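Trainee: Sending over data29.tsv (TSV, N, CA and C atoms).
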chain	number	residue	atom	x	y	z
I	21	MET	N	10.34	-21.67	-3.18
I	21	MET	CA	11.46	-20.83	-2.75
I	21	MET	C	11.23	-19.41	-3.27
I	22	ARG	N	11.42	-18.45	-2.43
I	22	ARG	CA	11.21	-17.05	-2.80
I	22	ARG	C	12.48	-16.46	-3.39
I	23	THR	N	12.27	-15.55	-4.33
I	23	THR	CA	13.41	-14.85	-4.92
I	23	THR	C	13.83	-13.72	-3.99
I	24	ALA	N	14.99	-13.15	-4.28
I	24	ALA	CA	15.48	-12.02	-3.48
I	24	ALA	C	14.49	-10.86	-3.56
I	25	ALA	N	13.92	-10.63	-4.73
I	25	ALA	CA	12.95	-9.54	-4.89
I	25	ALA	C	11.70	-9.80	-4.06
I	26	GLN	N	11.24	-11.04	-4.01
I	26	GLN	CA	10.07	-11.38	-3.21
I	26	GLN	C	10.36	-11.21	-1.72
I	27	ARG	N	11.55	-11.60	-1.29
I	27	ARG	CA	11.92	-11.42	0.12
I	27	ARG	C	12.00	-9.94	0.47
I	28	LEU	N	12.59	-9.15	-0.44
I	28	LEU	CA	12.67	-7.70	-0.22
I	28	LEU	C	11.27	-7.10	-0.12
I	29	GLY	N	10.38	-7.50	-1.03
I	29	GLY	CA	9.01	-6.99	-1.01
I	29	GLY	C	8.26	-7.35	0.26
I	30	ALA	N	8.40	-8.59	0.70
I	30	ALA	CA	7.72	-9.03	1.91
I	30	ALA	C	8.26	-8.29	3.14
I	31	ALA	N	9.57	-8.12	3.20
I	31	ALA	CA	10.17	-7.37	4.32
I	31	ALA	C	9.71	-5.91	4.29
I	32	GLY	N	9.63	-5.34	3.10
I	32	GLY	CA	9.17	-3.96	2.96
I	32	GLY	C	7.73	-3.80	3.38
I	33	GLU	N	6.87	-4.77	3.04
I	33	GLU	CA	5.47	-4.70	3.45
I	33	GLU	C	5.33	-4.79	4.97
I	34	GLN	N	6.13	-5.65	5.59
I	34	GLN	CA	6.10	-5.76	7.05
I	34	GLN	C	6.57	-4.45	7.69
I	35	ALA	N	7.66	-3.90	7.18
I	35	ALA	CA	8.19	-2.64	7.71
I	35	ALA	C	7.17	-1.52	7.51
I	36	ALA	N	6.51	-1.48	6.36
I	36	ALA	CA	5.51	-0.45	6.09
I	36	ALA	C	4.33	-0.57	7.05
I	37	ALA	N	3.88	-1.79	7.34
I	37	ALA	CA	2.77	-2.00	8.28
I	37	ALA	C	3.14	-1.47	9.66
I	38	GLU	N	4.35	-1.72	10.09
I	38	GLU	CA	4.80	-1.22	11.40
I	38	GLU	C	4.90	0.31	11.38
I	39	TYR	N	5.44	0.86	10.30
I	39	TYR	CA	5.55	2.31	10.16
I	39	TYR	C	4.17	2.96	10.22
I	40	LEU	N	3.23	2.41	9.46
I	40	LEU	CA	1.88	2.98	9.42
I	40	LEU	C	1.20	2.88	10.78
I	41	SER	N	1.38	1.74	11.46
I	41	SER	CA	0.78	1.55	12.79
I	41	SER	C	1.29	2.59	13.78
I	42	HIS	N	2.53	3.01	13.61
I	42	HIS	CA	3.11	4.03	14.49
I	42	HIS	C	2.78	5.45	14.04
I	43	ASN	N	2.07	5.57	12.91
I	43	ASN	CA	1.73	6.89	12.37
I	43	ASN	C	0.23	7.04	12.16
I	44	ASP	N	-0.53	6.59	13.15
I	44	ASP	CA	-1.97	6.84	13.23
I	44	ASP	C	-2.79	6.10	12.18
I	45	TYR	N	-2.33	4.95	11.73
I	45	TYR	CA	-3.11	4.07	10.85
I	45	TYR	C	-3.41	2.79	11.63
I	46	GLU	N	-4.61	2.28	11.45
I	46	GLU	CA	-4.97	0.98	12.00
I	46	GLU	C	-5.04	0.00	10.83
I	47	ILE	N	-4.15	-0.97	10.81
I	47	ILE	CA	-4.14	-1.94	9.72
I	47	ILE	C	-5.32	-2.88	9.90
I	48	LEU	N	-6.19	-2.93	8.89
I	48	LEU	CA	-7.38	-3.78	8.94
I	48	LEU	C	-7.17	-5.10	8.22
I	49	ASP	N	-6.33	-5.09	7.18
I	49	ASP	CA	-6.13	-6.29	6.37
I	49	ASP	C	-4.80	-6.16	5.64
I	50	ARG	N	-4.16	-7.31	5.40
I	50	ARG	CA	-2.91	-7.32	4.63
I	50	ARG	C	-2.98	-8.42	3.59
I	51	ASN	N	-2.43	-8.11	2.41
I	51	ASN	CA	-2.36	-9.06	1.31
I	51	ASN	C	-3.72	-9.68	0.98
I	52	TRP	N	-4.73	-8.81	0.91
I	52	TRP	CA	-6.08	-9.27	0.58
I	52	TRP	C	-6.15	-9.56	-0.91
I	53	ARG	N	-6.65	-10.74	-1.26
I	53	ARG	CA	-6.72	-11.16	-2.66
I	53	ARG	C	-8.14	-11.50	-3.07
I	54	CYS	N	-8.40	-11.21	-4.33
I	54	CYS	CA	-9.63	-11.66	-4.97
I	54	CYS	C	-9.27	-11.91	-6.44
I	55	SER	N	-10.25	-12.29	-7.24
I	55	SER	CA	-9.95	-12.60	-8.64
I	55	SER	C	-9.45	-11.38	-9.42
I	56	ALA	N	-9.73	-10.18	-8.92
I	56	ALA	CA	-9.32	-8.95	-9.63
I	56	ALA	C	-7.91	-8.50	-9.26
I	57	GLY	N	-7.31	-9.09	-8.20
I	57	GLY	CA	-5.96	-8.69	-7.83
I	57	GLY	C	-5.74	-8.73	-6.33
I	58	GLU	N	-4.76	-7.96	-5.88
I	58	GLU	CA	-4.36	-7.98	-4.47
I	58	GLU	C	-4.13	-6.56	-3.96
I	59	LEU	N	-4.54	-6.34	-2.73
I	59	LEU	CA	-4.20	-5.11	-2.00
I	59	LEU	C	-3.12	-5.45	-0.99
I	60	ASP	N	-2.06	-4.65	-0.98
I	60	ASP	CA	-0.99	-4.89	0.00
I	60	ASP	C	-1.52	-4.73	1.42
I	61	ALA	N	-2.31	-3.68	1.63
I	61	ALA	CA	-2.89	-3.45	2.96
I	61	ALA	C	-4.12	-2.57	2.82
I	62	VAL	N	-5.00	-2.71	3.79
I	62	VAL	CA	-6.15	-1.82	3.95
I	62	VAL	C	-6.06	-1.33	5.38
I	63	ALA	N	-6.25	-0.02	5.55
I	63	ALA	CA	-6.10	0.56	6.88
I	63	ALA	C	-7.17	1.63	7.12
I	64	ARG	N	-7.35	1.94	8.39
I	64	ARG	CA	-8.18	3.08	8.77
I	64	ARG	C	-7.20	4.18	9.18
I	65	ALA	N	-7.27	5.29	8.46
I	65	ALA	CA	-6.40	6.43	8.77
I	65	ALA	C	-6.90	7.12	10.03
I	66	GLY	N	-6.09	7.99	10.56
I	66	GLY	CA	-6.43	8.71	11.78
I	66	GLY	C	-7.74	9.48	11.70
I	67	ASN	N	-8.10	9.91	10.50
I	67	ASN	CA	-9.35	10.66	10.33
I	67	ASN	C	-10.55	9.74	10.11
I	68	GLY	N	-10.33	8.42	10.16
I	68	GLY	CA	-11.42	7.46	10.01
I	68	GLY	C	-11.60	6.92	8.60
I	69	GLN	N	-10.94	7.53	7.63
I	69	GLN	CA	-11.07	7.06	6.25
I	69	GLN	C	-10.47	5.67	6.09
I	70	ILE	N	-11.14	4.86	5.26
I	70	ILE	CA	-10.61	3.55	4.90
I	70	ILE	C	-9.71	3.77	3.68
I	71	VAL	N	-8.50	3.22	3.75
I	71	VAL	CA	-7.46	3.51	2.77
I	71	VAL	C	-6.86	2.21	2.23
I	72	ALA	N	-6.71	2.15	0.91
I	72	ALA	CA	-5.92	1.08	0.31
I	72	ALA	C	-4.47	1.55	0.33
I	73	ILE	N	-3.59	0.69	0.81
I	73	ILE	CA	-2.18	1.02	0.90
I	73	ILE	C	-1.42	0.19	-0.12
I	74	GLU	N	-0.71	0.84	-1.01
I	74	GLU	CA	0.18	0.16	-1.95
I	74	GLU	C	1.61	0.38	-1.45
I	75	VAL	N	2.31	-0.71	-1.24
I	75	VAL	CA	3.68	-0.65	-0.74
I	75	VAL	C	4.63	-0.92	-1.90
I	76	LYS	N	5.58	-0.02	-2.09
I	76	LYS	CA	6.59	-0.18	-3.14
I	76	LYS	C	7.95	-0.16	-2.48
I	77	THR	N	8.58	-1.33	-2.43
I	77	THR	CA	9.89	-1.45	-1.83
I	77	THR	C	10.93	-1.48	-2.93
I	78	ARG	N	11.92	-0.64	-2.80
I	78	ARG	CA	13.00	-0.55	-3.78
I	78	ARG	C	14.33	-0.55	-3.05
I	79	SER	N	15.31	-1.22	-3.64
I	79	SER	CA	16.65	-1.22	-3.02
I	79	SER	C	17.35	0.10	-3.29
I	80	SER	N	16.93	0.82	-4.34
I	80	SER	CA	17.49	2.15	-4.64
I	80	SER	C	16.51	2.87	-5.56
I	81	GLN	N	16.83	4.12	-5.87
I	81	GLN	CA	16.01	4.89	-6.81
I	81	GLN	C	16.66	4.96	-8.19
I	82	ARG	N	17.61	4.09	-8.42
I	82	ARG	CA	18.36	4.10	-9.68
I	82	ARG	C	17.43	3.99	-10.90
I	83	PHE	N	16.37	3.19	-10.78
I	83	PHE	CA	15.46	2.99	-11.90
I	83	PHE	C	14.12	3.67	-11.67
I	84	GLY	N	14.11	4.69	-10.82
I	84	GLY	CA	12.90	5.43	-10.50
I	84	GLY	C	12.42	5.10	-9.10
I	85	THR	N	11.50	5.89	-8.60
I	85	THR	CA	10.97	5.68	-7.27
I	85	THR	C	9.82	4.69	-7.31
I	86	GLY	N	9.43	4.21	-6.16
I	86	GLY	CA	8.25	3.36	-6.08
I	86	GLY	C	7.01	4.10	-6.51
I	87	PHE	N	6.95	5.37	-6.18
I	87	PHE	CA	5.80	6.19	-6.57
I	87	PHE	C	5.67	6.28	-8.08
I	88	ASP	N	6.81	6.34	-8.77
I	88	ASP	CA	6.79	6.41	-10.24
I	88	ASP	C	6.13	5.20	-10.88
I	89	ALA	N	6.08	4.09	-10.15
I	89	ALA	CA	5.51	2.85	-10.69
I	89	ALA	C	3.98	2.85	-10.69
I	90	ILE	N	3.37	3.85	-10.07
I	90	ILE	CA	1.91	3.91	-10.00
I	90	ILE	C	1.40	4.80	-11.12
I	91	ASN	N	0.87	4.17	-12.16
I	91	ASN	CA	0.29	4.92	-13.27
I	91	ASN	C	-1.24	4.95	-13.11
I	92	ALA	N	-1.93	5.59	-14.04
I	92	ALA	CA	-3.38	5.73	-13.95
I	92	ALA	C	-4.08	4.37	-13.95
I	93	GLN	N	-3.59	3.44	-14.73
I	93	GLN	CA	-4.18	2.10	-14.78
I	93	GLN	C	-4.05	1.39	-13.43
I	94	LYS	N	-2.88	1.47	-12.83
I	94	LYS	CA	-2.65	0.85	-11.52
I	94	LYS	C	-3.54	1.52	-10.47
I	95	TYR	N	-3.67	2.85	-10.53
I	95	TYR	CA	-4.52	3.57	-9.60
I	95	TYR	C	-5.96	3.08	-9.71
I	96	ARG	N	-6.48	2.98	-10.94
I	96	ARG	CA	-7.85	2.52	-11.14
I	96	ARG	C	-8.05	1.11	-10.59
I	97	ARG	N	-7.05	0.24	-10.77
I	97	ARG	CA	-7.14	-1.11	-10.25
I	97	ARG	C	-7.18	-1.12	-8.72
I	98	LEU	N	-6.33	-0.29	-8.09
I	98	LEU	CA	-6.33	-0.19	-6.62
I	98	LEU	C	-7.67	0.32	-6.10
I	99	HIS	N	-8.22	1.31	-6.79
I	99	HIS	CA	-9.51	1.89	-6.42
I	99	HIS	C	-10.59	0.81	-6.50
I	100	LYS	N	-10.61	0.06	-7.60
I	100	LYS	CA	-11.59	-1.01	-7.78
I	100	LYS	C	-11.42	-2.07	-6.69
I	101	LEU	N	-10.18	-2.45	-6.40
I	101	LEU	CA	-9.93	-3.46	-5.38
I	101	LEU	C	-10.40	-3.00	-4.00
I	102	LEU	N	-10.24	-1.72	-3.69
I	102	LEU	CA	-10.70	-1.21	-2.40
I	102	LEU	C	-12.23	-1.30	-2.31
I	103	ILE	N	-12.92	-1.00	-3.39
I	103	ILE	CA	-14.38	-1.14	-3.41
I	103	ILE	C	-14.77	-2.60	-3.22
I	104	LEU	N	-14.08	-3.51	-3.91
I	104	LEU	CA	-14.36	-4.94	-3.77
I	104	LEU	C	-14.08	-5.42	-2.34
I	105	TRP	N	-13.00	-4.90	-1.73
I	105	TRP	CA	-12.69	-5.25	-0.34
I	105	TRP	C	-13.84	-4.80	0.56
I	106	ALA	N	-14.31	-3.58	0.36
I	106	ALA	CA	-15.40	-3.05	1.19
I	106	ALA	C	-16.66	-3.90	1.02
I	107	GLN	N	-16.98	-4.28	-0.20
I	107	GLN	CA	-18.15	-5.12	-0.43
I	107	GLN	C	-18.00	-6.47	0.27
I	108	ALA	N	-16.81	-7.05	0.20
I	108	ALA	CA	-16.55	-8.34	0.84
I	108	ALA	C	-16.66	-8.26	2.36
I	109	HIS	N	-16.50	-7.05	2.90
I	109	HIS	CA	-16.57	-6.85	4.34
I	109	HIS	C	-17.84	-6.10	4.75
I	110	ALA	N	-18.82	-6.06	3.83
I	110	ALA	CA	-20.12	-5.42	4.09
I	110	ALA	C	-19.95	-3.99	4.61
I	111	MET	N	-19.08	-3.26	3.92
I	111	MET	CA	-18.83	-1.87	4.30
I	111	MET	C	-19.12	-0.96	3.11
I	112	PHE	N	-19.41	0.28	3.41
I	112	PHE	CA	-19.54	1.30	2.37
I	112	PHE	C	-18.44	2.33	2.63
I	113	ILE	N	-17.70	2.65	1.59
I	113	ILE	CA	-16.65	3.65	1.71
I	113	ILE	C	-17.07	4.87	0.89
I	114	ALA	N	-17.41	5.95	1.58
I	114	ALA	CA	-17.89	7.15	0.91
I	114	ALA	C	-16.81	7.81	0.06
I	115	GLN	N	-15.60	7.82	0.56
I	115	GLN	CA	-14.49	8.46	-0.14
I	115	GLN	C	-13.30	7.50	-0.19
I	116	PRO	N	-13.27	6.60	-1.19
I	116	PRO	CA	-12.13	5.69	-1.29
I	116	PRO	C	-10.83	6.48	-1.43
I	117	ARG	N	-9.81	6.02	-0.75
I	117	ARG	CA	-8.53	6.72	-0.76
I	117	ARG	C	-7.40	5.72	-0.99
I	118	ILE	N	-6.42	6.17	-1.77
I	118	ILE	CA	-5.25	5.36	-2.06
I	118	ILE	C	-4.02	6.09	-1.51
I	119	ASP	N	-3.25	5.39	-0.69
I	119	ASP	CA	-1.98	5.91	-0.20
I	119	ASP	C	-0.87	4.99	-0.71
I	120	ILE	N	0.26	5.58	-1.01
I	120	ILE	CA	1.43	4.83	-1.47
I	120	ILE	C	2.53	5.00	-0.43
I	121	VAL	N	3.16	3.88	-0.05
I	121	VAL	CA	4.29	3.93	0.86
I	121	VAL	C	5.50	3.40	0.11
I	122	GLU	N	6.50	4.27	-0.05
I	122	GLU	CA	7.77	3.84	-0.63
I	122	GLU	C	8.66	3.40	0.53
I	123	VAL	N	9.31	2.25	0.36
I	123	VAL	CA	10.16	1.69	1.40
I	123	VAL	C	11.54	1.45	0.80
I	124	TYR	N	12.57	1.97	1.49
I	124	TYR	CA	13.95	1.83	1.04
I	124	TYR	C	14.80	1.29	2.18
I	125	PRO	N	15.37	0.09	2.02
I	125	PRO	CA	16.26	-0.42	3.06
I	125	PRO	C	17.49	0.47	3.20
I	126	SER	N	17.90	0.68	4.44
I	126	SER	CA	19.08	1.48	4.73
I	126	SER	C	19.80	0.83	5.91
I	127	GLY	N	20.76	-0.02	5.60
I	127	GLY	CA	21.42	-0.79	6.66
I	127	GLY	C	20.43	-1.75	7.28
I	128	ASP	N	20.28	-1.69	8.60
I	128	ASP	CA	19.32	-2.57	9.27
I	128	ASP	C	18.00	-1.85	9.56
I	129	GLN	N	17.79	-0.70	8.91
I	129	GLN	CA	16.57	0.08	9.07
I	129	GLN	C	15.91	0.27	7.71
I	130	TYR	N	14.81	1.02	7.71
I	130	TYR	CA	14.12	1.36	6.47
I	130	TYR	C	13.82	2.85	6.47
I	131	LEU	N	13.85	3.43	5.30
I	131	LEU	CA	13.41	4.81	5.10
I	131	LEU	C	12.06	4.75	4.39
I	132	PHE	N	11.16	5.66	4.76
I	132	PHE	CA	9.81	5.64	4.22
I	132	PHE	C	9.46	6.98	3.59
I	133	ASP	N	8.67	6.92	2.54
I	133	ASP	CA	8.09	8.11	1.94
I	133	ASP	C	6.62	7.81	1.73
I	134	LEU	N	5.75	8.48	2.46
I	134	LEU	CA	4.31	8.24	2.43
I	134	LEU	C	3.63	9.29	1.55
I	135	HIS	N	2.87	8.82	0.58
I	135	HIS	CA	2.09	9.69	-0.31
I	135	HIS	C	0.63	9.42	0.01
I	136	GLN	N	-0.05	10.41	0.55
I	136	GLN	CA	-1.44	10.24	0.94
I	136	GLN	C	-2.39	10.80	-0.11
I	137	SER	N	-3.55	10.17	-0.20
I	137	SER	CA	-4.64	10.60	-1.11
I	137	SER	C	-4.13	10.79	-2.54
I	138	VAL	N	-3.50	9.77	-3.05
I	138	VAL	CA	-2.94	9.81	-4.41
I	138	VAL	C	-4.09	9.85	-5.43
I	139	GLN	N	-3.93	10.65	-6.45
I	139	GLN	CA	-4.88	10.76	-7.54
I	139	GLN	C	-4.19	10.41	-8.85
I	140	PRO	N	-4.95	9.90	-9.83
I	140	PRO	CA	-4.30	9.56	-11.11
I	140	PRO	C	-3.84	10.78	-11.88
Take the structure in the file and write it out as structure tokens.

Mentor:
Amino acid sequence: MRTAAQRLGAAGEQAAAEYLSHNDYEILDRNWRCSAGELDAVARAGNGQIVAIEVKTRSSQRFGTGFDAINAQKYRRLHKLLILWAQAHAMFIAQPRIDIVEVYPSGDQYLFDLHQSVQP
């Protein structure tokens, strides 16, 4: 049985995938896992770059934004996971990129805040 937080996160990831697909991203993979962790999504951006997408769904900003949850350690882990994803798919990524999508439910819709090319 999933908790309310897990249901919120799953709904946010689905909404983020749809949002990205409508904003010039091609979703290549979702919820990719390996022994080192999980990537919420991997996509090809409009410029052709392969991007790791971290989705942060929050019911409010009362305890900070989703972007605030990404520290240098989390960034390094996402970067490593993107390289591992590329290796698993026999790809080379010249310029690994991390994008963060904040998702906030608003009634029966979602509000999004996209942070592209995030650096630690």

Trainee: When you count all atoms listed in the file, which of these residues is closest to I:Gly29: I:His135, I:Arg96, I:Lys76, I:Arg53?

Mentor: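 Closest candidate: I:Lys76.
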
Trainee: Just want the 7 Å neighbourhood of I:Asn51, counted on only N, CA and C atoms, with same-chain residues fewer than 4 positions away dropped. Output as a list in words.

Mentor: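 That gives Glu58, Leu59, Asp60, Ala61 and Val62 of chain I.
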
Trainee: Within 12 Å of (-0.2, -2.8, -1.5), only C-alpha atoms: residues as a PyMOL selection string?

Mentor: chain I and resi 29-30+32-34+36-37+47+49-53+57-63+71-77+86-87+90+94-95+97-99+101-102+118-123

Trainee: Would you mind exporting the chosen residues as a CSV table (one decimal), in the coordinates of the input, restricted to N, CA and C atoms?

Mentor:
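Final output, part.csv:
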chain,number,residue,atom,x,y,z
I,29,GLY,N,10.4,-7.5,-1.0
I,29,GLY,CA,9.0,-7.0,-1.0
I,29,GLY,C,8.3,-7.4,0.3
I,30,ALA,N,8.4,-8.6,0.7
I,30,ALA,CA,7.7,-9.0,1.9
I,30,ALA,C,8.3,-8.3,3.1
I,32,GLY,N,9.6,-5.3,3.1
I,32,GLY,CA,9.2,-4.0,3.0
I,32,GLY,C,7.7,-3.8,3.4
I,33,GLU,N,6.9,-4.8,3.0
I,33,GLU,CA,5.5,-4.7,3.4
I,33,GLU,C,5.3,-4.8,5.0
I,34,GLN,N,6.1,-5.6,5.6
I,34,GLN,CA,6.1,-5.8,7.0
I,34,GLN,C,6.6,-4.4,7.7
I,36,ALA,N,6.5,-1.5,6.4
I,36,ALA,CA,5.5,-0.4,6.1
I,36,ALA,C,4.3,-0.6,7.0
I,37,ALA,N,3.9,-1.8,7.3
I,37,ALA,CA,2.8,-2.0,8.3
I,37,ALA,C,3.1,-1.5,9.7
I,47,ILE,N,-4.2,-1.0,10.8
I,47,ILE,CA,-4.1,-1.9,9.7
I,47,ILE,C,-5.3,-2.9,9.9
I,49,ASP,N,-6.3,-5.1,7.2
I,49,ASP,CA,-6.1,-6.3,6.4
I,49,ASP,C,-4.8,-6.2,5.6
I,50,ARG,N,-4.2,-7.3,5.4
I,50,ARG,CA,-2.9,-7.3,4.6
I,50,ARG,C,-3.0,-8.4,3.6
I,51,ASN,N,-2.4,-8.1,2.4
I,51,ASN,CA,-2.4,-9.1,1.3
I,51,ASN,C,-3.7,-9.7,1.0
I,52,TRP,N,-4.7,-8.8,0.9
I,52,TRP,CA,-6.1,-9.3,0.6
I,52,TRP,C,-6.2,-9.6,-0.9
I,53,ARG,N,-6.6,-10.7,-1.3
I,53,ARG,CA,-6.7,-11.2,-2.7
I,53,ARG,C,-8.1,-11.5,-3.1
I,57,GLY,N,-7.3,-9.1,-8.2
I,57,GLY,CA,-6.0,-8.7,-7.8
I,57,GLY,C,-5.7,-8.7,-6.3
I,58,GLU,N,-4.8,-8.0,-5.9
I,58,GLU,CA,-4.4,-8.0,-4.5
I,58,GLU,C,-4.1,-6.6,-4.0
I,59,LEU,N,-4.5,-6.3,-2.7
I,59,LEU,CA,-4.2,-5.1,-2.0
I,59,LEU,C,-3.1,-5.4,-1.0
I,60,ASP,N,-2.1,-4.6,-1.0
I,60,ASP,CA,-1.0,-4.9,0.0
I,60,ASP,C,-1.5,-4.7,1.4
I,61,ALA,N,-2.3,-3.7,1.6
I,61,ALA,CA,-2.9,-3.4,3.0
I,61,ALA,C,-4.1,-2.6,2.8
I,62,VAL,N,-5.0,-2.7,3.8
I,62,VAL,CA,-6.2,-1.8,4.0
I,62,VAL,C,-6.1,-1.3,5.4
I,63,ALA,N,-6.2,0.0,5.6
I,63,ALA,CA,-6.1,0.6,6.9
I,63,ALA,C,-7.2,1.6,7.1
I,71,VAL,N,-8.5,3.2,3.8
I,71,VAL,CA,-7.5,3.5,2.8
I,71,VAL,C,-6.9,2.2,2.2
I,72,ALA,N,-6.7,2.2,0.9
I,72,ALA,CA,-5.9,1.1,0.3
I,72,ALA,C,-4.5,1.6,0.3
I,73,ILE,N,-3.6,0.7,0.8
I,73,ILE,CA,-2.2,1.0,0.9
I,73,ILE,C,-1.4,0.2,-0.1
I,74,GLU,N,-0.7,0.8,-1.0
I,74,GLU,CA,0.2,0.2,-2.0
I,74,GLU,C,1.6,0.4,-1.4
I,75,VAL,N,2.3,-0.7,-1.2
I,75,VAL,CA,3.7,-0.6,-0.7
I,75,VAL,C,4.6,-0.9,-1.9
I,76,LYS,N,5.6,0.0,-2.1
I,76,LYS,CA,6.6,-0.2,-3.1
I,76,LYS,C,8.0,-0.2,-2.5
I,77,THR,N,8.6,-1.3,-2.4
I,77,THR,CA,9.9,-1.4,-1.8
I,77,THR,C,10.9,-1.5,-2.9
I,86,GLY,N,9.4,4.2,-6.2
I,86,GLY,CA,8.2,3.4,-6.1
I,86,GLY,C,7.0,4.1,-6.5
I,87,PHE,N,7.0,5.4,-6.2
I,87,PHE,CA,5.8,6.2,-6.6
I,87,PHE,C,5.7,6.3,-8.1
I,90,ILE,N,3.4,3.8,-10.1
I,90,ILE,CA,1.9,3.9,-10.0
I,90,ILE,C,1.4,4.8,-11.1
I,94,LYS,N,-2.9,1.5,-12.8
I,94,LYS,CA,-2.6,0.8,-11.5
I,94,LYS,C,-3.5,1.5,-10.5
I,95,TYR,N,-3.7,2.8,-10.5
I,95,TYR,CA,-4.5,3.6,-9.6
I,95,TYR,C,-6.0,3.1,-9.7
I,97,ARG,N,-7.0,0.2,-10.8
I,97,ARG,CA,-7.1,-1.1,-10.2
I,97,ARG,C,-7.2,-1.1,-8.7
I,98,LEU,N,-6.3,-0.3,-8.1
I,98,LEU,CA,-6.3,-0.2,-6.6
I,98,LEU,C,-7.7,0.3,-6.1
I,99,HIS,N,-8.2,1.3,-6.8
I,99,HIS,CA,-9.5,1.9,-6.4
I,99,HIS,C,-10.6,0.8,-6.5
I,101,LEU,N,-10.2,-2.4,-6.4
I,101,LEU,CA,-9.9,-3.5,-5.4
I,101,LEU,C,-10.4,-3.0,-4.0
I,102,LEU,N,-10.2,-1.7,-3.7
I,102,LEU,CA,-10.7,-1.2,-2.4
I,102,LEU,C,-12.2,-1.3,-2.3
I,118,ILE,N,-6.4,6.2,-1.8
I,118,ILE,CA,-5.2,5.4,-2.1
I,118,ILE,C,-4.0,6.1,-1.5
I,119,ASP,N,-3.2,5.4,-0.7
I,119,ASP,CA,-2.0,5.9,-0.2
I,119,ASP,C,-0.9,5.0,-0.7
I,120,ILE,N,0.3,5.6,-1.0
I,120,ILE,CA,1.4,4.8,-1.5
I,120,ILE,C,2.5,5.0,-0.4
I,121,VAL,N,3.2,3.9,0.0
I,121,VAL,CA,4.3,3.9,0.9
I,121,VAL,C,5.5,3.4,0.1
I,122,GLU,N,6.5,4.3,0.0
I,122,GLU,CA,7.8,3.8,-0.6
I,122,GLU,C,8.7,3.4,0.5
I,123,VAL,N,9.3,2.2,0.4
I,123,VAL,CA,10.2,1.7,1.4
I,123,VAL,C,11.5,1.4,0.8

Trainee: From a DSSP calculation on the backbone, collect every residue of chain I in alpha helix (DSSP H) and output the set as an NGL selection string.

Mentor: :I and (24-41 or 92-108)

Trainee: Got a sec: who's within 7 Å of I:Arg64, counting all atoms listed in the file, leaving out chain neighbours fewer than 4 positions off, as an NGL selection string?

Mentor: :I and (44-48 or 68-71)

Trainee: Find the residues with any atom within 12 Å of (16.2, 3.7, 6.3); use only C-alpha atoms and the coordinates as given in the file, and write the answer as number ranges by chain.

Mentor: I: 32, 35-36, 39, 77-80, 122-133

Trainee: Output N, CA and C atoms of each residue in that selection to a file, as a compact mmCIF listing (two decimals), keeping the file's coordinate frame.

Mentor:
# COMPACT_ATOMS: atom_id res chain seq x y z
N GLY I 32 9.63 -5.34 3.10
CA GLY I 32 9.17 -3.96 2.96
C GLY I 32 7.73 -3.80 3.38
N ALA I 35 7.66 -3.90 7.18
CA ALA I 35 8.19 -2.64 7.71
C ALA I 35 7.17 -1.52 7.51
N ALA I 36 6.51 -1.48 6.36
CA ALA I 36 5.51 -0.45 6.09
C ALA I 36 4.33 -0.57 7.05
N TYR I 39 5.44 0.86 10.30
CA TYR I 39 5.55 2.31 10.16
C TYR I 39 4.17 2.96 10.22
N THR I 77 8.58 -1.33 -2.43
CA THR I 77 9.89 -1.45 -1.83
C THR I 77 10.93 -1.48 -2.93
N ARG I 78 11.92 -0.64 -2.80
CA ARG I 78 13.00 -0.55 -3.78
C ARG I 78 14.33 -0.55 -3.05
N SER I 79 15.31 -1.22 -3.64
CA SER I 79 16.65 -1.22 -3.02
C SER I 79 17.35 0.10 -3.29
N SER I 80 16.93 0.82 -4.34
CA SER I 80 17.49 2.15 -4.64
C SER I 80 16.51 2.87 -5.56
N GLU I 122 6.50 4.27 -0.05
CA GLU I 122 7.77 3.84 -0.63
C GLU I 122 8.66 3.40 0.53
N VAL I 123 9.31 2.25 0.36
CA VAL I 123 10.16 1.69 1.40
C VAL I 123 11.54 1.45 0.80
N TYR I 124 12.57 1.97 1.49
CA TYR I 124 13.95 1.83 1.04
C TYR I 124 14.80 1.29 2.18
N PRO I 125 15.37 0.09 2.02
CA PRO I 125 16.26 -0.42 3.06
C PRO I 125 17.49 0.47 3.20
N SER I 126 17.90 0.68 4.44
CA SER I 126 19.08 1.48 4.73
C SER I 126 19.80 0.83 5.91
N GLY I 127 20.76 -0.02 5.60
CA GLY I 127 21.42 -0.79 6.66
C GLY I 127 20.43 -1.75 7.28
N ASP I 128 20.28 -1.69 8.60
CA ASP I 128 19.32 -2.57 9.27
C ASP I 128 18.00 -1.85 9.56
N GLN I 129 17.79 -0.70 8.91
CA GLN I 129 16.57 0.08 9.07
C GLN I 129 15.91 0.27 7.71
N TYR I 130 14.81 1.02 7.71
CA TYR I 130 14.12 1.36 6.47
C TYR I 130 13.82 2.85 6.47
N LEU I 131 13.85 3.43 5.30
CA LEU I 131 13.41 4.81 5.10
C LEU I 131 12.06 4.75 4.39
N PHE I 132 11.16 5.66 4.76
CA PHE I 132 9.81 5.64 4.22
C PHE I 132 9.46 6.98 3.59
N ASP I 133 8.67 6.92 2.54
CA ASP I 133 8.09 8.11 1.94
C ASP I 133 6.62 7.81 1.73

Trainee: Distance atom N of I:Asn91-atom N of I:Ile113, one decimal place?

Mentor: 23.2 Å

Trainee: If you run DSSP on the backbone, which residues of chain I are strand (DSSP E or B), as a VMD selection string?

Mentor: chain I and resid 46 to 54 57 to 64 70 to 77 117 to 126 129 to 135

Trainee: Between atom CA of I:Val138 and atom CA of I:Arg117, what is the distance in Å, rounded to a tenth?

Mentor: 7.4 Å

Trainee: Quick one: pull the distance between atom CA of I:Pro116 and atom CA of I:Thr85, Å, one decimal.

Mentor: 23.9 Å
